[in-house]
file data38.txt (compact mmCIF, C-alpha atoms)
# COMPACT_ATOMS: atom_id res chain seq x y z
CA MET A 15 0.00 0.00 0.00
CA GLU A 16 1.67 3.20 -1.19
CA ALA A 17 -0.78 5.73 0.22
CA ARG A 18 -0.40 6.54 3.91
CA ILE A 19 -3.44 6.79 6.19
CA PHE A 20 -4.28 9.79 8.39
CA GLU A 21 -6.30 8.76 11.46
CA THR A 22 -8.23 11.94 12.28
CA HIS A 23 -10.01 10.86 15.47
CA ALA A 24 -8.75 8.37 18.05
CA HIS A 25 -8.92 7.98 21.83
CA TYR A 26 -5.71 6.12 22.65
CA GLU A 27 -5.76 7.56 26.16
CA ASP A 28 -8.79 5.34 26.83
CA ARG A 29 -8.35 2.71 29.56
CA GLN A 30 -9.21 -0.04 27.06
CA PHE A 31 -5.67 0.40 25.68
CA ASP A 32 -3.88 0.19 29.05
CA GLU A 33 -2.61 -3.37 28.58
CA ASP A 34 -0.98 -2.97 25.15
CA ARG A 35 -0.98 0.75 24.30
CA GLU A 36 2.75 1.09 23.59
CA GLU A 37 2.96 -2.06 21.49
CA LEU A 38 -0.12 -1.07 19.46
CA LEU A 39 0.99 2.53 18.89
CA LYS A 40 4.47 1.45 17.77
CA SER A 41 2.84 -0.86 15.22
CA LEU A 42 0.82 1.87 13.52
CA PRO A 43 3.54 3.49 11.36
CA LEU A 44 4.64 -0.02 10.32
CA ASN A 45 1.11 -0.65 9.04
CA GLY A 46 0.59 2.43 6.90
CA ILE A 47 -0.71 4.87 9.55
CA GLU A 48 1.23 8.11 9.01
CA PHE A 49 -0.54 10.47 11.43
CA VAL A 50 -2.95 10.16 14.36
CA VAL A 51 -4.91 12.92 16.07
CA ASN A 52 -5.80 11.88 19.61
CA VAL A 53 -8.97 13.65 20.67
CA SER A 54 -9.72 14.55 24.27
CA SER A 55 -13.21 14.57 25.75
CA SER A 56 -12.71 15.66 29.38
CA LEU A 57 -10.22 17.62 31.47
CA GLU A 58 -8.49 14.39 32.52
CA THR A 59 -8.19 13.10 28.94
CA VAL A 60 -6.71 16.44 27.87
CA LYS A 61 -3.77 15.66 30.19
CA ARG A 62 -3.40 12.12 28.81
CA THR A 63 -3.63 13.37 25.22
CA LEU A 64 -0.82 15.85 25.87
CA GLU A 65 1.33 12.99 27.20
CA LEU A 66 0.72 10.96 24.04
CA THR A 67 1.71 13.86 21.78
CA LYS A 68 5.00 14.11 23.65
CA GLY A 69 5.66 10.37 23.49
CA TYR A 70 5.10 9.72 19.77
CA ASP A 71 6.28 11.77 16.79
CA PHE A 72 3.25 10.90 14.67
CA ILE A 73 0.57 11.66 17.31
CA TYR A 74 -1.02 15.10 17.44
CA GLY A 75 -3.75 16.21 19.82
CA ALA A 76 -7.09 17.97 20.13
CA VAL A 77 -8.14 19.76 23.31
CA GLY A 78 -11.79 20.16 24.28
CA VAL A 79 -14.63 18.93 26.47
CA HIS A 80 -17.33 16.60 25.15
CA PRO A 81 -20.98 17.58 25.78
CA GLU A 82 -21.47 14.62 28.14
CA GLU A 83 -18.72 16.08 30.34
CA ALA A 84 -19.96 19.69 30.17
CA LEU A 85 -20.63 19.84 33.92
CA GLU A 86 -16.86 19.67 34.48
CA LEU A 87 -16.45 23.14 33.05
CA THR A 88 -16.22 26.27 35.18
CA GLU A 89 -14.62 29.63 34.42
CA GLU A 90 -11.43 28.37 36.09
CA SER A 91 -11.25 25.04 34.23
CA PHE A 92 -12.19 26.74 30.95
CA ALA A 93 -9.26 29.13 31.37
CA TRP A 94 -6.95 26.14 31.93
CA LEU A 95 -8.41 24.43 28.84
CA SER A 96 -7.73 27.51 26.77
CA GLU A 97 -4.08 27.56 27.90
CA GLN A 98 -3.55 23.95 26.75
CA LEU A 99 -4.41 24.92 23.19
CA SER A 100 -1.04 26.67 22.98
CA CYS A 101 0.84 23.44 23.69
CA ASP A 102 3.05 21.98 20.99
CA LYS A 103 1.29 19.61 18.52
CA ILE A 104 -2.25 20.63 19.55
CA VAL A 105 -4.05 21.05 16.24
CA ALA A 106 -7.78 21.37 17.06
CA VAL A 107 -10.47 22.19 19.61
CA GLY A 108 -12.41 19.03 20.34
CA GLU A 109 -14.32 17.13 20.78
CA ILE A 110 -17.11 19.61 21.42
CA GLY A 111 -20.79 19.77 20.58
CA LEU A 112 -24.22 18.54 21.63
CA ASP A 113 -25.51 15.10 22.60
CA TYR A 114 -29.23 14.71 23.30
CA TYR A 115 -29.20 10.90 23.38
CA TRP A 116 -28.95 10.93 27.18
CA LYS A 117 -31.00 13.14 29.53
CA GLU A 118 -27.91 14.65 31.19
CA PRO A 119 -26.28 17.11 31.15
CA ASP A 120 -29.17 19.47 30.51
CA PRO A 121 -29.15 20.72 26.91
CA ALA A 122 -29.00 24.31 28.18
CA VAL A 123 -25.67 23.54 29.90
CA GLN A 124 -24.35 21.75 26.83
CA LYS A 125 -25.24 24.73 24.64
CA ILE A 126 -23.41 27.22 26.87
CA TRP A 127 -20.11 25.34 26.72
CA PHE A 128 -20.49 24.46 23.05
CA GLU A 129 -20.87 28.18 22.27
CA ARG A 130 -17.86 29.03 24.44
CA GLN A 131 -15.69 26.39 22.77
CA ILE A 132 -16.73 27.51 19.26
CA ALA A 133 -15.65 31.02 20.24
CA LEU A 134 -12.39 29.60 21.60
CA ALA A 135 -11.67 27.83 18.30
CA ARG A 136 -12.27 31.07 16.42
CA GLU A 137 -10.07 33.01 18.83
CA LYS A 138 -7.21 30.49 18.49
CA GLN A 139 -7.89 29.96 14.77
CA LEU A 140 -7.94 26.20 15.21
CA PRO A 141 -10.37 23.80 13.50
CA MET A 142 -13.08 22.27 15.69
CA ILE A 143 -14.03 18.61 16.02
CA ILE A 144 -17.79 18.51 16.48
CA HIS A 145 -19.75 15.75 18.19
CA SER A 146 -23.46 15.91 17.35
CA ARG A 147 -25.89 13.18 18.34
CA ASP A 148 -29.68 13.53 18.04
CA ALA A 149 -29.10 17.29 17.95
CA ALA A 150 -28.68 18.27 14.29
CA LYS A 151 -30.88 21.38 14.35
CA ASP A 152 -29.39 22.93 17.50
CA THR A 153 -25.84 22.02 16.44
CA TYR A 154 -26.27 23.73 13.10
CA GLU A 155 -27.96 26.81 14.56
CA LEU A 156 -25.30 27.34 17.24
CA MET A 157 -22.55 26.88 14.66
CA LYS A 158 -24.17 29.45 12.36
CA ALA A 159 -24.75 31.91 15.20
CA GLY A 160 -21.16 31.45 16.42
CA HIS A 161 -19.66 31.80 12.91
CA ALA A 162 -18.02 28.38 13.25
CA GLU A 163 -17.13 28.51 9.56
CA GLU A 164 -14.45 31.10 10.39
CA ALA A 165 -12.42 28.36 12.08
CA GLY A 166 -13.74 25.34 10.16
CA GLY A 167 -13.42 21.72 11.18
CA VAL A 168 -15.17 18.38 10.97
CA ILE A 169 -18.51 16.88 11.95
CA HIS A 170 -17.08 13.80 13.62
CA CYS A 171 -18.73 10.39 13.25
CA PHE A 172 -21.33 11.89 10.91
CA SER A 173 -24.69 10.22 11.54
CA TYR A 174 -27.36 12.34 9.88
CA ALA A 175 -29.12 12.24 6.50
CA LYS A 176 -27.87 13.66 3.20
CA GLU A 177 -29.95 16.84 3.63
CA ILE A 178 -28.15 17.65 6.91
CA ALA A 179 -24.78 16.76 5.36
CA GLU A 180 -25.44 19.33 2.64
CA LYS A 181 -25.89 22.08 5.26
CA PHE A 182 -22.62 21.32 7.04
CA LEU A 183 -20.75 20.96 3.74
CA ASP A 184 -22.12 24.36 2.68
CA MET A 185 -20.53 25.79 5.85
CA GLY A 186 -17.18 24.43 4.68
CA PHE A 187 -16.97 21.57 7.20
CA TYR A 188 -15.56 18.11 6.56
CA LEU A 189 -17.45 14.90 7.37
CA GLY A 190 -15.71 12.31 9.57
CA ILE A 191 -16.48 8.79 8.32
CA GLY A 192 -15.68 5.70 10.37
CA GLY A 193 -16.61 2.07 10.86
CA VAL A 194 -20.39 2.56 10.74
CA VAL A 195 -20.20 3.01 6.95
CA THR A 196 -19.28 -0.70 6.67
CA PHE A 197 -22.42 -1.85 8.50
CA LYS A 198 -25.12 -3.42 6.31
CA ASN A 199 -27.85 -1.33 7.96
CA SER A 200 -26.06 2.02 7.46
CA LYS A 201 -28.02 2.96 4.33
CA LYS A 202 -28.30 6.63 5.32
CA LEU A 203 -24.55 7.02 5.85
CA LYS A 204 -23.73 5.19 2.62
CA GLU A 205 -25.95 7.70 0.80
CA VAL A 206 -24.07 10.57 2.46
CA VAL A 207 -20.71 9.15 1.36
CA GLU A 208 -21.97 8.70 -2.21
CA TYR A 209 -23.17 12.33 -2.18
CA ALA A 210 -20.28 14.12 -0.45
CA PRO A 211 -17.19 15.09 -2.48
CA LEU A 212 -14.19 12.92 -1.57
CA GLU A 213 -12.32 16.20 -0.98
CA ARG A 214 -14.54 16.78 2.07
CA ILE A 215 -14.29 13.36 3.73
CA LEU A 216 -11.93 12.38 6.57
CA LEU A 217 -11.08 8.86 7.78
CA GLU A 218 -11.55 8.22 11.50
CA THR A 219 -12.09 5.36 13.91
CA ASP A 220 -13.28 6.91 17.20
CA CYS A 221 -11.34 3.97 18.64
CA PRO A 222 -11.69 2.03 20.88
CA TYR A 223 -15.33 2.32 19.73
CA MET A 224 -17.19 1.70 16.46
CA ALA A 225 -15.03 -1.02 14.87
CA PRO A 226 -15.89 -1.72 11.23
CA VAL A 227 -16.89 -5.01 9.66
CA PRO A 228 -15.22 -7.56 9.82
CA ASN A 229 -14.27 -6.62 13.40
CA ARG A 230 -17.57 -5.13 14.50
CA GLY A 231 -18.09 -5.48 18.25
CA LYS A 232 -14.38 -5.77 19.03
CA ARG A 233 -12.04 -3.07 20.33
CA ASN A 234 -11.29 -0.71 17.47
CA SER A 235 -7.91 0.72 16.42
CA SER A 236 -6.45 2.68 13.53
CA LEU A 237 -5.39 -0.62 11.95
CA ASN A 238 -9.04 -1.03 10.90
CA LEU A 239 -9.13 2.17 8.82
CA ILE A 240 -8.28 0.18 5.70
CA TYR A 241 -11.78 -1.36 5.83
CA VAL A 242 -13.37 2.08 6.01
CA ALA A 243 -11.28 3.28 3.07
CA GLU A 244 -12.23 0.20 1.05
CA GLU A 245 -15.95 0.77 1.62
CA ILE A 246 -15.71 4.47 0.74
CA GLY A 247 -13.88 3.49 -2.45
CA ARG A 248 -16.63 1.01 -3.30
CA LEU A 249 -19.31 3.66 -2.76
CA LYS A 250 -17.41 6.33 -4.71
CA GLY A 251 -16.29 4.05 -7.54
CA CYS A 252 -12.58 4.65 -6.99
CA SER A 253 -9.60 2.74 -5.64
CA THR A 254 -8.79 2.36 -1.95
CA ASP A 255 -5.45 4.09 -2.56
CA GLU A 256 -7.25 7.07 -4.08
CA VAL A 257 -9.46 7.32 -0.99
CA ILE A 258 -6.45 7.13 1.34
CA ALA A 259 -4.42 9.67 -0.63
CA GLN A 260 -7.25 12.22 -0.84
CA THR A 261 -8.45 11.87 2.76
CA THR A 262 -4.85 12.23 4.00
CA LYS A 263 -4.53 15.39 1.91
CA ASN A 264 -7.82 16.66 3.38
CA ALA A 265 -6.72 15.96 6.95
CA ARG A 266 -3.33 17.60 6.53
CA LYS A 267 -5.05 20.67 5.11
CA MET A 268 -7.60 20.91 7.91
CA TYR A 269 -5.14 20.25 10.73
CA ARG A 270 -2.35 22.22 9.00
CA ILE A 271 0.16 19.38 9.37
call {"tool": "encode", "arguments": {"input": "data38.txt", "output": "structure tokens"}}
result
Amino acid sequence: MEARIFETHAHYEDRQFDEDREELLKSLPLNGIEFVVNVSSSLETVKRTLELTKGYDFIYGAVGVHPEEALELTEESFAWLSEQLSCDKIVAVGEIGLDYYWKEPDPAVQKIWFERQIALAREKQLPMIIHSRDAAKDTYELMKAGHAEEAGGVIHCFSYAKEIAEKFLDMGFYLGIGGVVTFKNSKKLKEVVEYAPLERILLETDCPYMAPVPNRGKRNSSLNLIYVAEEIGRLKGCSTDEVIAQTTKNARKMYRI
């Protein structure tokens, strides 16, 4: 495989990797993975992400607080979060957004900190990694109101219909596509991939979650991205190498690496 893969969204700080993290991470460059962006989701995972960026040349980081962890944020912790964005190899604000799948935290709280982190991304001129689950309308409206397009970024683990994809693409955002696209029942996502220009698609795993077929249900890792690339190639009518080359180009452009 000539083309080198860019893993745009991983969680290697996750405890599921505690037993074999070093061995696994060392294997990635040997298996065609050129870059990894490790994405934080809480104040604690920001610290672990920073450690990973220092330990591995090919790992970069994103700093942000996930909507499910929004109650962690105070003026004091938000100021600390902002400071971490100046650290070496931090390339994005994320993951941030809205998640209405669970009842908590209250959507009003999620919205406050999503707005604040959008503004932070604009201030720092860093792309944002957006998590949006069962919250398409509010996500879009807050992004428009906050002029999120001025910083740009990606809608991570895109899960909405083609009509919603069109809106985010019109704002200049990329779509993060992972293992779900390989599932037989993912008709809606397959339609989105067929519709979206390859120049606006990023490869991601969200590992250790969301492993693609043929490893669905197992712990995920960047080694499985080849299956995602193959399925995107099938849907777009192009080679796997073309998918890898273009999505790597897209990721390097967005993250400025």
call {"tool": "atom_distance", "arguments": {"input": "data38.txt", "atom1": "atom CA of Asn234 of chain A", "atom2": "atom CA of Leu44 of chain A"}}
result
17.5 Å
call {"tool": "closest_atom_pairs", "arguments": {"input": "data38.txt", "of": "segment 58-112 of chain A", "to": "segment 143-146 of chain A", "cutoff": "7 Å", "atoms": "all atoms listed in the file", "output": "CSV"}}
result
residue,atom,partner,partner_atom,distance
A:Ala106,CA,A:Ile143,CA,6.9
A:Val107,CA,A:Ile143,CA,6.2
A:Gly108,CA,A:Ile143,CA,4.6
A:Glu109,CA,A:Ile143,CA,5.0
A:Ile110,CA,A:Ile144,CA,5.1
A:Gly111,CA,A:His145,CA,4.8
A:Leu112,CA,A:Ser146,CA,5.1
call {"tool": "axis_aligned_box", "arguments": {"input": "data38.txt", "around": "segment 218-222 of chain A", "padding_each_side": "6 Å", "output": "AutoDock Vina command-line options"}}
result
--center_x -12.3 --center_y 5.1 --center_z 16.2 --size_x 13.9 --size_y 18.2 --size_z 21.4
call {"tool": "closest_residue", "arguments": {"input": "data38.txt", "among": "A:Glu244, A:Ser200, A:Glu89, A:Gln30", "to": "Lys232 of chain A", "atoms": "only C-alpha atoms"}}
result
A:Gln30
call {"tool": "atom_distance", "arguments": {"input": "data38.txt", "atom1": "atom CA of Asp184 of chain A", "atom2": "atom CA of Glu163 of chain A"}}
result
9.5 Å
call {"tool": "atom_distance", "arguments": {"input": "data38.txt", "atom1": "atom CA of Val53 of chain A", "atom2": "atom CA of Cys252 of chain A"}}
result
29.3 Å
call {"tool": "closest_residue", "arguments": {"input": "data38.txt", "among": "A:Leu57, A:Leu38, A:Val50, A:Val77", "to": "Leu140 of chain A", "atoms": "all atoms listed in the file"}}
result
A:Val77
call {"tool": "closest_residue", "arguments": {"input": "data38.txt", "among": "A:Leu216, A:Leu156, A:Cys101, A:Leu189", "to": "Glu65 of chain A", "atoms": "only C-alpha atoms"}}
result
A:Cys101
call {"tool": "residues_around", "arguments": {"input": "data38.txt", "residues": "segment 127-139 of chain A", "least_positions_apart": "5", "cutoff": "9 Å", "atoms": "all atoms listed in the file", "output": "CSV table (one decimal) with C-alpha atoms, in the frame of the given file"}}
result
chain,number,residue,atom,x,y,z
A,78,GLY,CA,-11.8,20.2,24.3
A,79,VAL,CA,-14.6,18.9,26.5
A,80,HIS,CA,-17.3,16.6,25.2
A,81,PRO,CA,-21.0,17.6,25.8
A,84,ALA,CA,-20.0,19.7,30.2
A,87,LEU,CA,-16.4,23.1,33.0
A,92,PHE,CA,-12.2,26.7,31.0
A,96,SER,CA,-7.7,27.5,26.8
A,99,LEU,CA,-4.4,24.9,23.2
A,100,SER,CA,-1.0,26.7,23.0
A,106,ALA,CA,-7.8,21.4,17.1
A,107,VAL,CA,-10.5,22.2,19.6
A,108,GLY,CA,-12.4,19.0,20.3
A,110,ILE,CA,-17.1,19.6,21.4
A,111,GLY,CA,-20.8,19.8,20.6
A,112,LEU,CA,-24.2,18.5,21.6
A,153,THR,CA,-25.8,22.0,16.4
A,156,LEU,CA,-25.3,27.3,17.2
A,157,MET,CA,-22.6,26.9,14.7
A,159,ALA,CA,-24.8,31.9,15.2
A,160,GLY,CA,-21.2,31.4,16.4
A,161,HIS,CA,-19.7,31.8,12.9
A,162,ALA,CA,-18.0,28.4,13.2
A,163,GLU,CA,-17.1,28.5,9.6
A,164,GLU,CA,-14.4,31.1,10.4
A,165,ALA,CA,-12.4,28.4,12.1
A,166,GLY,CA,-13.7,25.3,10.2
call {"tool": "closest_residue", "arguments": {"input": "data38.txt", "among": "A:Phe20, A:Leu66, A:Glu245, A:Asp32", "to": "Lys263 of chain A", "atoms": "all atoms listed in the file"}}
result
A:Phe20
call {"tool": "closest_residue", "arguments": {"input": "data38.txt", "among": "A:Leu95, A:Met268, A:Leu42, A:Leu85", "to": "Pro119 of chain A", "atoms": "only C-alpha atoms"}}
result
A:Leu85
call {"tool": "residues_around", "arguments": {"input": "data38.txt", "residues": "Leu183 of chain A", "least_positions_apart": "2", "cutoff": "12 Å", "atoms": "all atoms listed in the file", "output": "VMD selection string"}}
result
chain A and resid 154 163 166 to 169 172 176 to 181 185 to 190 206 209 to 215
call {"tool": "closest_residue", "arguments": {"input": "data38.txt", "among": "A:Glu218, A:Asp120, A:Glu82, A:Glu208", "to": "Thr22 of chain A", "atoms": "only C-alpha atoms"}}
result
A:Glu218
call {"tool": "residues_around", "arguments": {"input": "data38.txt", "residues": "Ser253 of chain A", "least_positions_apart": "4", "cutoff": "12 Å", "atoms": "only C-alpha atoms", "output": "list in words"}}
result
Met15, Ala17, Leu212, Ile240, Ala243, Glu244, Glu245, Ile246, Gly247, Arg248, Leu249, Val257, Ile258, Ala259 and Gln260 of chain A
call {"tool": "residues_around", "arguments": {"input": "data38.txt", "residues": "Asp28 of chain A", "least_positions_apart": "4", "cutoff": "12 Å", "atoms": "only C-alpha atoms", "output": "VMD selection string"}}
result
chain A and resid 24 32 to 35 52 to 56 58 to 63 66 220 to 223 233 to 235
call {"tool": "decode", "arguments": {"input": "data38.txt", "residues": "segment 76-91 of chain A", "atoms": "N, CA and C atoms", "output": "short mmCIF file (atom, residue, chain, number, x, y, z; two decimals), in the first residue's frame"}}
result
data_model
loop_
_atom_site.label_atom_id
_atom_site.label_comp_id
_atom_site.auth_asym_id
_atom_site.auth_seq_id
_atom_site.Cartn_x
_atom_site.Cartn_y
_atom_site.Cartn_z
N ALA A 76 -6.00 17.00 20.11
CA ALA A 76 -7.09 17.97 20.13
C ALA A 76 -7.51 18.16 21.58
N VAL A 77 -7.79 19.41 21.94
CA VAL A 77 -8.14 19.76 23.31
C VAL A 77 -9.55 20.33 23.35
N GLY A 78 -10.41 19.69 24.14
CA GLY A 78 -11.79 20.16 24.28
C GLY A 78 -12.56 19.27 25.24
N VAL A 79 -13.78 19.69 25.55
CA VAL A 79 -14.63 18.93 26.47
C VAL A 79 -15.93 18.54 25.78
N HIS A 80 -16.17 17.25 25.75
CA HIS A 80 -17.33 16.60 25.15
C HIS A 80 -18.62 17.06 25.86
N PRO A 81 -19.73 17.14 25.13
CA PRO A 81 -20.98 17.58 25.78
C PRO A 81 -21.39 16.76 27.00
N GLU A 82 -21.08 15.46 26.98
CA GLU A 82 -21.47 14.62 28.14
C GLU A 82 -20.67 14.97 29.40
N GLU A 83 -19.55 15.68 29.21
CA GLU A 83 -18.72 16.08 30.34
C GLU A 83 -18.83 17.59 30.63
N ALA A 84 -19.85 18.23 30.08
CA ALA A 84 -19.96 19.69 30.17
C ALA A 84 -20.03 20.21 31.61
N LEU A 85 -20.52 19.40 32.52
CA LEU A 85 -20.63 19.84 33.92
C LEU A 85 -19.27 20.03 34.58
N GLU A 86 -18.22 19.48 33.97
CA GLU A 86 -16.86 19.67 34.48
C GLU A 86 -16.40 21.12 34.35
N LEU A 87 -16.98 21.82 33.39
CA LEU A 87 -16.45 23.14 33.05
C LEU A 87 -16.94 24.24 33.98
N THR A 88 -15.98 25.06 34.40
CA THR A 88 -16.22 26.27 35.18
C THR A 88 -15.36 27.36 34.53
N GLU A 89 -15.47 28.58 34.99
CA GLU A 89 -14.62 29.63 34.42
C GLU A 89 -13.13 29.29 34.62
N GLU A 90 -12.83 28.72 35.78
CA GLU A 90 -11.43 28.37 36.09
C GLU A 90 -10.92 27.25 35.18
N SER A 91 -11.70 26.17 35.04
CA SER A 91 -11.25 25.04 34.23
C SER A 91 -11.25 25.41 32.73
#
